[in-house]
>>> print(open('target.tsv').read())   # TSV, C-alpha atoms and all ligand atoms
chain	number	residue	atom	x	y	z
A	1078	MET	CA	-12.33	54.85	15.77
A	1079	MET	CA	-11.92	54.82	19.54
A	1080	SER	CA	-11.89	57.77	21.87
A	1081	ALA	CA	-8.71	59.81	21.66
A	1082	ASP	CA	-7.71	58.90	25.19
A	1083	SER	CA	-8.04	55.18	24.61
A	1084	PRO	CA	-4.73	53.33	25.17
A	1085	ASP	CA	-5.33	51.34	21.97
A	1086	ARG	CA	-5.57	54.39	19.82
A	1087	GLN	CA	-2.12	55.49	20.87
A	1088	VAL	CA	-0.32	53.00	18.65
A	1089	LYS	CA	-2.81	52.37	15.89
A	1090	TYR	CA	-1.57	54.64	13.16
A	1091	SER	CA	1.30	56.75	12.06
A	1092	GLY	CA	1.63	59.80	9.87
A	1093	ASN	CA	3.75	62.75	8.95
A	1094	VAL	CA	3.99	66.03	10.83
A	1095	PHE	CA	6.17	68.63	9.14
A	1096	GLY	CA	7.89	65.85	7.22
A	1097	THR	CA	8.65	63.73	10.29
A	1098	ARG	CA	7.06	60.31	10.69
A	1099	VAL	CA	5.39	59.95	14.07
A	1100	THR	CA	3.03	57.46	15.64
A	1101	SER	CA	-0.31	58.37	17.12
A	1102	PHE	CA	1.26	57.86	20.55
A	1103	GLN	CA	3.67	60.64	19.71
A	1104	PHE	CA	0.89	62.71	18.21
A	1105	ARG	CA	-0.90	62.46	21.49
A	1106	HIS	CA	2.10	63.37	23.60
A	1107	LEU	CA	2.95	66.23	21.29
A	1108	ASN	CA	-0.63	67.26	21.90
A	1109	CYS	CA	-1.05	67.30	18.13
A	1110	LEU	CA	-4.24	65.33	17.61
A	1111	PRO	CA	-6.63	68.27	18.01
A	1112	PHE	CA	-4.60	70.22	15.46
A	1113	ILE	CA	-4.56	67.71	12.63
A	1114	THR	CA	-6.52	69.18	9.76
A	1115	PRO	CA	-8.87	66.87	7.83
A	1116	ASN	CA	-6.35	66.71	5.00
A	1117	GLN	CA	-3.52	65.70	7.27
A	1118	ASN	CA	-5.80	63.22	8.95
A	1119	GLU	CA	-6.52	61.54	5.61
A	1120	LYS	CA	-2.82	60.84	5.23
A	1121	LEU	CA	-2.66	58.76	8.41
A	1122	ASN	CA	-1.98	55.11	7.67
A	1123	TYR	CA	-3.74	52.60	9.89
A	1124	MET	CA	-1.30	49.89	10.87
A	1125	SER	CA	-3.87	47.27	11.83
A	1126	ILE	CA	-7.50	47.39	12.85
A	1127	ASN	CA	-8.25	44.90	15.59
A	1128	ILE	CA	-11.70	43.39	15.15
A	1129	VAL	CA	-13.13	40.84	17.53
A	1130	ALA	CA	-15.94	38.62	16.25
A	1131	PHE	CA	-18.49	36.72	18.29
A	1132	SER	CA	-20.48	33.77	16.98
A	1133	GLY	CA	-23.76	33.19	18.74
A	1134	SER	CA	-23.75	29.44	18.14
A	1135	LEU	CA	-21.82	26.86	20.14
A	1136	ARG	CA	-22.71	24.04	17.72
A	1137	LYS	CA	-19.67	22.27	16.30
A	1138	LYS	CA	-20.97	22.43	12.72
A	1139	SER	CA	-22.54	25.85	13.16
A	1140	TYR	CA	-23.28	27.79	9.99
A	1141	THR	CA	-22.97	31.00	11.96
A	1142	THR	CA	-19.43	30.15	13.00
A	1143	ARG	CA	-18.63	29.06	9.43
A	1144	LEU	CA	-19.92	32.40	8.20
A	1145	THR	CA	-17.81	34.21	10.79
A	1146	LYS	CA	-14.73	32.37	9.54
A	1147	VAL	CA	-15.56	33.29	5.95
A	1148	PHE	CA	-15.66	36.94	7.03
A	1149	GLN	CA	-12.27	36.39	8.63
A	1150	GLN	CA	-10.88	34.93	5.40
A	1151	LEU	CA	-12.23	37.83	3.34
A	1152	ALA	CA	-11.12	40.55	5.76
A	1153	PRO	CA	-9.20	43.45	4.21
A	1154	ALA	CA	-5.43	43.48	4.56
A	1155	ASP	CA	-5.39	46.15	7.25
A	1156	VAL	CA	-7.75	44.15	9.47
A	1157	SER	CA	-6.69	41.69	12.13
A	1158	MET	CA	-9.74	39.66	13.13
A	1159	GLN	CA	-10.00	37.13	15.93
A	1160	ILE	CA	-13.02	35.08	16.96
A	1161	ALA	CA	-13.67	35.18	20.68
A	1162	ASP	CA	-14.41	32.00	22.60
A	1163	ILE	CA	-17.54	32.65	24.65
A	1164	SER	CA	-18.32	29.00	25.34
A	1165	GLN	CA	-16.81	29.10	28.84
A	1166	LEU	CA	-18.77	32.09	30.11
A	1167	PRO	CA	-21.09	31.22	33.00
A	1168	LEU	CA	-24.71	32.26	32.70
A	1169	ILE	CA	-25.13	35.87	33.70
A	1170	ASN	CA	-25.44	36.13	37.47
A	1171	GLU	CA	-24.88	39.27	39.49
A	1172	ASP	CA	-23.78	37.21	42.47
A	1173	LEU	CA	-20.54	36.52	40.57
A	1174	GLU	CA	-19.70	40.18	40.12
A	1175	GLY	CA	-17.76	40.55	43.37
A	1176	ASN	CA	-15.02	38.46	41.83
A	1177	PHE	CA	-15.61	38.04	38.11
A	1178	PRO	CA	-14.88	34.50	36.84
A	1179	GLN	CA	-11.77	34.23	34.67
A	1180	PRO	CA	-13.67	33.84	31.34
A	1181	VAL	CA	-15.53	37.07	32.13
A	1182	LYS	CA	-12.28	38.89	32.91
A	1183	GLU	CA	-10.89	37.64	29.60
A	1184	LEU	CA	-14.02	38.81	27.79
A	1185	HIS	CA	-13.67	42.27	29.33
A	1186	ASN	CA	-10.04	42.43	28.27
A	1187	THR	CA	-10.84	41.23	24.75
A	1188	ILE	CA	-13.55	43.85	24.27
A	1189	GLN	CA	-11.33	46.63	25.61
A	1190	GLN	CA	-8.55	45.69	23.17
A	1191	ALA	CA	-10.91	45.70	20.19
A	1192	ASP	CA	-11.22	48.59	17.76
A	1193	ALA	CA	-14.52	47.19	16.53
A	1194	ILE	CA	-16.86	44.24	16.99
A	1195	LEU	CA	-18.51	41.80	14.58
A	1196	LEU	CA	-21.58	40.03	15.96
A	1197	ALA	CA	-22.79	36.93	14.11
A	1198	THR	CA	-26.04	35.40	15.20
A	1199	PRO	CA	-28.22	32.44	14.38
A	1200	GLU	CA	-31.98	32.90	14.71
A	1201	TYR	CA	-33.82	31.19	17.54
A	1202	ASN	CA	-37.57	31.73	17.57
A	1203	ARG	CA	-37.25	35.02	15.71
A	1204	SER	CA	-34.64	36.41	18.07
A	1205	TYR	CA	-30.90	36.21	18.52
A	1206	SER	CA	-29.13	33.57	20.52
A	1207	PRO	CA	-28.93	33.49	24.31
A	1208	VAL	CA	-25.24	32.62	23.94
A	1209	LEU	CA	-24.65	36.01	22.36
A	1210	LYS	CA	-26.93	37.78	24.83
A	1211	ASN	CA	-24.98	36.24	27.68
A	1212	ALA	CA	-21.71	37.64	26.29
A	1213	LEU	CA	-23.29	41.04	25.67
A	1214	ASP	CA	-24.64	41.11	29.22
A	1215	TRP	CA	-21.32	40.16	30.84
A	1216	GLY	CA	-19.53	42.74	28.73
A	1217	SER	CA	-21.85	45.43	30.05
A	1218	ARG	CA	-20.94	44.76	33.70
A	1219	PRO	CA	-20.30	45.98	36.32
A	1220	GLU	CA	-22.91	48.69	36.20
A	1221	GLY	CA	-21.46	51.92	34.88
A	1222	LYS	CA	-18.49	50.17	33.23
A	1223	ASN	CA	-20.02	48.98	29.98
A	1224	LYS	CA	-17.12	47.68	27.90
A	1225	TRP	CA	-19.06	47.84	24.62
A	1226	LYS	CA	-19.60	51.59	24.81
A	1227	GLY	CA	-18.35	53.46	21.76
A	1228	LYS	CA	-17.34	50.38	19.75
A	1229	PRO	CA	-18.30	50.27	16.09
A	1230	VAL	CA	-20.23	47.06	15.46
A	1231	ALA	CA	-21.43	45.13	12.43
A	1232	ILE	CA	-24.21	42.58	12.72
A	1233	ILE	CA	-24.50	39.53	10.50
A	1234	GLY	CA	-26.58	36.38	10.58
A	1235	CYS	CA	-27.63	33.35	8.61
A	1236	THR	CA	-30.11	30.50	8.61
A	1237	PRO	CA	-30.80	27.51	6.42
A	1238	TYR	CA	-34.23	29.05	5.85
A	1239	ALA	CA	-35.51	31.96	3.83
A	1240	LEU	CA	-35.37	35.07	6.00
A	1241	GLY	CA	-31.63	35.11	6.74
A	1242	ALA	CA	-31.98	35.73	10.48
A	1243	PHE	CA	-33.80	39.02	10.00
A	1244	GLY	CA	-35.76	38.62	13.25
A	1245	ALA	CA	-32.59	37.84	15.20
A	1246	GLN	CA	-30.66	40.77	13.81
A	1247	ASN	CA	-33.55	43.14	14.32
A	1248	HIS	CA	-33.62	42.36	18.05
A	1249	LEU	CA	-29.86	42.44	18.31
A	1250	ARG	CA	-29.71	45.88	16.72
A	1251	GLN	CA	-31.93	47.29	19.47
A	1252	VAL	CA	-29.60	45.97	22.15
A	1253	VAL	CA	-26.37	47.29	20.64
A	1254	MET	CA	-28.01	50.71	20.47
A	1255	TYR	CA	-28.74	50.51	24.18
A	1256	LEU	CA	-25.15	49.41	24.80
A	1257	ASP	CA	-24.04	52.67	23.22
A	1258	MET	CA	-22.26	51.02	20.32
A	1259	TYR	CA	-22.02	52.41	16.79
A	1260	PRO	CA	-23.82	49.95	14.53
A	1261	LEU	CA	-23.17	49.78	10.82
A	1262	GLN	CA	-26.57	50.58	9.38
A	1263	GLN	CA	-26.02	49.70	5.73
A	1264	PRO	CA	-25.53	47.30	4.14
A	1265	GLU	CA	-27.53	44.85	6.20
A	1266	PHE	CA	-26.52	41.21	5.93
A	1267	TYR	CA	-29.23	38.56	5.88
A	1268	LEU	CA	-28.01	35.22	4.57
A	1269	GLY	CA	-30.77	32.69	3.89
A	1270	SER	CA	-30.27	29.12	2.60
A	1271	VAL	CA	-26.81	29.17	4.09
A	1272	ASN	CA	-26.57	25.40	3.73
A	1273	ASP	CA	-26.44	25.92	-0.06
A	1274	LYS	CA	-23.78	28.64	0.18
A	1275	ILE	CA	-21.19	27.46	2.71
A	1276	ASN	CA	-20.21	23.80	2.45
A	1277	ASP	CA	-19.17	21.30	5.12
A	1278	PHE	CA	-15.54	22.35	4.69
A	1279	GLY	CA	-16.48	25.93	5.57
A	1280	GLU	CA	-15.94	27.06	1.99
A	1281	LEU	CA	-18.09	29.81	0.54
A	1282	THR	CA	-19.54	28.59	-2.74
A	1283	ASP	CA	-21.72	31.54	-3.66
A	1284	ASP	CA	-20.28	34.54	-5.51
A	1285	THR	CA	-23.20	36.83	-4.68
A	1286	THR	CA	-22.56	36.28	-0.99
A	1287	ARG	CA	-18.84	36.86	-1.50
A	1288	LYS	CA	-19.64	40.24	-3.10
A	1289	LYS	CA	-21.96	41.15	-0.21
A	1290	ILE	CA	-19.30	40.29	2.33
A	1291	THR	CA	-16.77	42.47	0.53
A	1292	GLU	CA	-19.28	45.31	0.42
A	1293	LEU	CA	-19.95	44.99	4.11
A	1294	TRP	CA	-16.24	45.05	4.94
A	1295	THR	CA	-15.78	48.20	2.87
A	1296	ALA	CA	-18.64	49.97	4.60
A	1297	PHE	CA	-17.59	48.75	8.04
A	1298	LEU	CA	-14.03	50.01	7.61
A	1299	GLY	CA	-15.47	53.33	6.49
A	1300	LEU	CA	-17.46	53.53	9.73
A	1301	ILE	CA	-14.47	52.50	11.86
A	1302	LYS	CA	-12.04	54.92	10.29
A	1303	ASN	CA	-14.39	57.87	10.28
A	1304	LYS	CA	-15.79	57.41	13.75
B	1	LIG	C1	-34.38	26.77	19.46
B	1	LIG	C2	-34.28	26.99	17.98
B	1	LIG	C3	-35.10	27.93	17.39
B	1	LIG	C4	-34.99	28.19	16.03
B	1	LIG	N1	-35.75	29.20	15.47
B	1	LIG	C5	-35.51	29.60	14.20
B	1	LIG	C6	-36.12	30.76	13.68
B	1	LIG	O1	-36.87	31.47	14.33
B	1	LIG	N2	-35.82	31.13	12.41
B	1	LIG	C7	-34.94	30.40	11.63
B	1	LIG	O2	-34.69	30.78	10.50
B	1	LIG	N3	-34.35	29.27	12.10
B	1	LIG	C8	-34.60	28.86	13.37
B	1	LIG	N4	-33.96	27.77	13.90
B	1	LIG	C9	-33.12	26.96	13.01
B	1	LIG	C10	-31.72	27.54	12.96
B	1	LIG	O3	-31.70	28.58	12.01
B	1	LIG	C11	-30.73	26.45	12.50
B	1	LIG	O4	-30.73	25.39	13.43
B	1	LIG	C12	-29.33	27.02	12.36
B	1	LIG	O5	-28.52	26.08	11.70
B	1	LIG	C13	-28.74	27.39	13.70
B	1	LIG	O6	-27.53	28.11	13.52
B	1	LIG	P1	-26.11	27.40	13.60
B	1	LIG	O7	-25.99	26.49	12.39
B	1	LIG	O8	-25.14	28.51	13.53
B	1	LIG	O9	-26.02	26.62	14.87
B	1	LIG	C14	-34.07	27.46	15.24
B	1	LIG	C15	-33.25	26.51	15.85
B	1	LIG	C16	-33.34	26.28	17.19
B	1	LIG	C17	-32.41	25.27	17.84
>>> encode(input="target.tsv", output="structure tokens")
Amino acid sequence: MMSADSPDRQVKYSGNVFGTRVTSFQFRHLNCLPFITPNQNEKLNYMSINIVAFSGSLRKKSYTTRLTKVFQQLAPADVSMQIADISQLPLINEDLEGNFPQPVKELHNTIQQADAILLATPEYNRSYSPVLKNALDWGSRPEGKNKWKGKPVAIIGCTPYALGAFGAQNHLRQVVMYLDMYPLQQPEFYLGSVNDKINDFGELTDDTTRKKITELWTAFLGLIKNK
């Protein structure tokens, strides 16, 4: 999931060593982690996986945000998912880096706390949204302290039209690779005609989409747990 020396990893799971239940924090201080065999490792129980989601649309009735909330509702039991507020971030500006604005500091903290990231994007002119790009850019600063590095990430998107934000996701995938994240490669998630599938109350009305969301969660947890 995260690097072994990450503070978050220290309390994320527990397991048994010679019949005694210990947390990963204790594993680490017993210097046990390198000695856990694959079989023992399989027995570790994740207490909660902290996923932070970002919606690339600020629109009040955004389909992208609705879709993000549907993912939240369908998240597996061992996942805790929050949706980050990126609406208060200033536009990226290196002049502000001497003293990062509070919303940027909060973004940095949020990313660092996360075990994994879910990026949801609308499609604007065959690319992903500048709102999301702005958050990605701030999270990569200051130079040499990229907060996204090493995070597993899943990319999703939707549009009321036919192609399901393929162009947006395709561009976004290139950027998360550069940010040194671990993108879920399959399944991809392109949701077209979203206006027929998620209603004005934010309810998912399409069973095929529900199945695809469940499949994505399963694959994403596999990536997170095996990373
Ligand atoms: C500037 C702009 C460009 C757009 N370009 C595309 C596009 O390339 N492909 C597409 O499917 N929809 C495009 N749309 C329509 C959006 O998919 C639609 O407005 C969608 O509802 C936006 O996502 P949201 O509901 O999460 O805000 C565009 C919308 C805007 C405002």
>>> residues_around(input="target.tsv", residues="Gly1244 (chain A)", least_positions_apart="3", cutoff="9 Å", atoms="only C-alpha atoms", output="ChimeraX atom specification")
/A:1200-1205,1240-1241,1247-1249
>>> residues_near_ligand(input="target.tsv", ligand="ligand LIG 1 (chain B)", cutoff="9 Å", atoms="all atoms listed in the file", output="PyMOL selection string")
chain A and resi 1132-1144+1197-1206+1234-1245+1269+1271-1272
>>> residues_around(input="target.tsv", residues="Leu1261 (chain A)", least_positions_apart="3", cutoff="12 Å", atoms="all atoms listed in the file", output="ChimeraX atom specification")
/A:1193-1196,1228-1233,1250,1253-1254,1258,1264-1266,1292-1301,1303-1304
>>> atom_distance(input="target.tsv", atom1="CA of Pro1219 (chain A)", atom2="CA of Gln1246 (chain A)")
25.3 Å
>>> atom_distance(input="target.tsv", atom1="CA of Gln1159 (chain A)", atom2="CA of Leu1184 (chain A)")
12.6 Å
>>> closest_residue(input="target.tsv", among="A:Tyr1267, A:Tyr1255, A:Thr1291, A:Thr1286", to="Pro1153 (chain A)", atoms="only C-alpha atoms")
A:Thr1291
>>> atom_distance(input="target.tsv", atom1="CA of Met1158 (chain A)", atom2="CA of Thr1145 (chain A)")
10.0 Å
>>> residues_near_point(input="target.tsv", point="(-15.2, 37.6, 21.7)", cutoff="6 Å", atoms="all atoms listed in the file", output="short mmCIF file (atom, residue, chain, number, x, y, z; two decimals) with C-alpha atoms, in the frame of the given file")
data_model
loop_
_atom_site.label_atom_id
_atom_site.label_comp_id
_atom_site.auth_asym_id
_atom_site.auth_seq_id
_atom_site.Cartn_x
_atom_site.Cartn_y
_atom_site.Cartn_z
CA VAL A 1129 -13.13 40.84 17.53
CA ALA A 1130 -15.94 38.62 16.25
CA PHE A 1131 -18.49 36.72 18.29
CA ILE A 1160 -13.02 35.08 16.96
CA ALA A 1161 -13.67 35.18 20.68
CA ASP A 1162 -14.41 32.00 22.60
#
>>> residues_around(input="target.tsv", residues="Gln1190 (chain A)", least_positions_apart="2", cutoff="9 Å", atoms="only C-alpha atoms", output="PyMOL selection string")
chain A and resi 1084-1085+1127-1129+1185-1188+1192
>>> write_last_selection(input="target.tsv", atoms="C-alpha atoms", output="CSV table (one decimal), in the frame of the given file")
chain,number,residue,atom,x,y,z
A,1084,PRO,CA,-4.7,53.3,25.2
A,1085,ASP,CA,-5.3,51.3,22.0
A,1127,ASN,CA,-8.2,44.9,15.6
A,1128,ILE,CA,-11.7,43.4,15.2
A,1129,VAL,CA,-13.1,40.8,17.5
A,1185,HIS,CA,-13.7,42.3,29.3
A,1186,ASN,CA,-10.0,42.4,28.3
A,1187,THR,CA,-10.8,41.2,24.8
A,1188,ILE,CA,-13.6,43.8,24.3
A,1192,ASP,CA,-11.2,48.6,17.8
>>> closest_residue(input="target.tsv", among="A:Asp1172, A:Gly1227, A:Asp1257, A:Ser1164", to="Ala1212 (chain A)", atoms="all atoms listed in the file")
A:Ser1164
>>> build_atoms(input="target.tsv", residues="region 1170-1186 of chain A", atoms="N, CA and C atoms", output="CSV table (one decimal), in the frame of the given file")
chain,number,residue,atom,x,y,z
A,1170,ASN,N,-25.0,36.3,36.1
A,1170,ASN,CA,-25.4,36.1,37.5
A,1170,ASN,C,-24.7,37.2,38.3
A,1171,GLU,N,-25.5,38.2,38.8
A,1171,GLU,CA,-24.9,39.3,39.5
A,1171,GLU,C,-24.1,38.9,40.7
A,1172,ASP,N,-24.5,37.7,41.3
A,1172,ASP,CA,-23.8,37.2,42.5
A,1172,ASP,C,-22.3,37.0,42.2
A,1173,LEU,N,-21.9,36.8,40.9
A,1173,LEU,CA,-20.5,36.5,40.6
A,1173,LEU,C,-19.7,37.8,40.4
A,1174,GLU,N,-20.4,38.9,40.5
A,1174,GLU,CA,-19.7,40.2,40.1
A,1174,GLU,C,-18.7,40.7,41.1
A,1175,GLY,N,-18.8,40.2,42.4
A,1175,GLY,CA,-17.8,40.6,43.4
A,1175,GLY,C,-16.4,40.1,42.9
A,1176,ASN,N,-16.3,39.0,42.3
A,1176,ASN,CA,-15.0,38.5,41.8
A,1176,ASN,C,-15.3,37.8,40.5
A,1177,PHE,N,-15.2,38.6,39.4
A,1177,PHE,CA,-15.6,38.0,38.1
A,1177,PHE,C,-14.9,36.7,37.8
A,1178,PRO,N,-15.6,35.7,37.3
A,1178,PRO,CA,-14.9,34.5,36.8
A,1178,PRO,C,-13.9,34.8,35.7
A,1179,GLN,N,-12.8,34.0,35.6
A,1179,GLN,CA,-11.8,34.2,34.7
A,1179,GLN,C,-12.3,34.4,33.2
A,1180,PRO,N,-13.2,33.6,32.7
A,1180,PRO,CA,-13.7,33.8,31.3
A,1180,PRO,C,-14.3,35.2,31.2
A,1181,VAL,N,-14.9,35.7,32.2
A,1181,VAL,CA,-15.5,37.1,32.1
A,1181,VAL,C,-14.4,38.1,32.1
A,1182,LYS,N,-13.4,37.9,32.9
A,1182,LYS,CA,-12.3,38.9,32.9
A,1182,LYS,C,-11.6,38.9,31.5
A,1183,GLU,N,-11.5,37.7,30.9
A,1183,GLU,CA,-10.9,37.6,29.6
A,1183,GLU,C,-11.8,38.3,28.6
A,1184,LEU,N,-13.1,38.1,28.7
A,1184,LEU,CA,-14.0,38.8,27.8
A,1184,LEU,C,-13.9,40.3,27.9
A,1185,HIS,N,-13.8,40.8,29.1
A,1185,HIS,CA,-13.7,42.3,29.3
A,1185,HIS,C,-12.4,42.8,28.7
A,1186,ASN,N,-11.3,42.0,28.9
A,1186,ASN,CA,-10.0,42.4,28.3
A,1186,ASN,C,-10.1,42.4,26.7
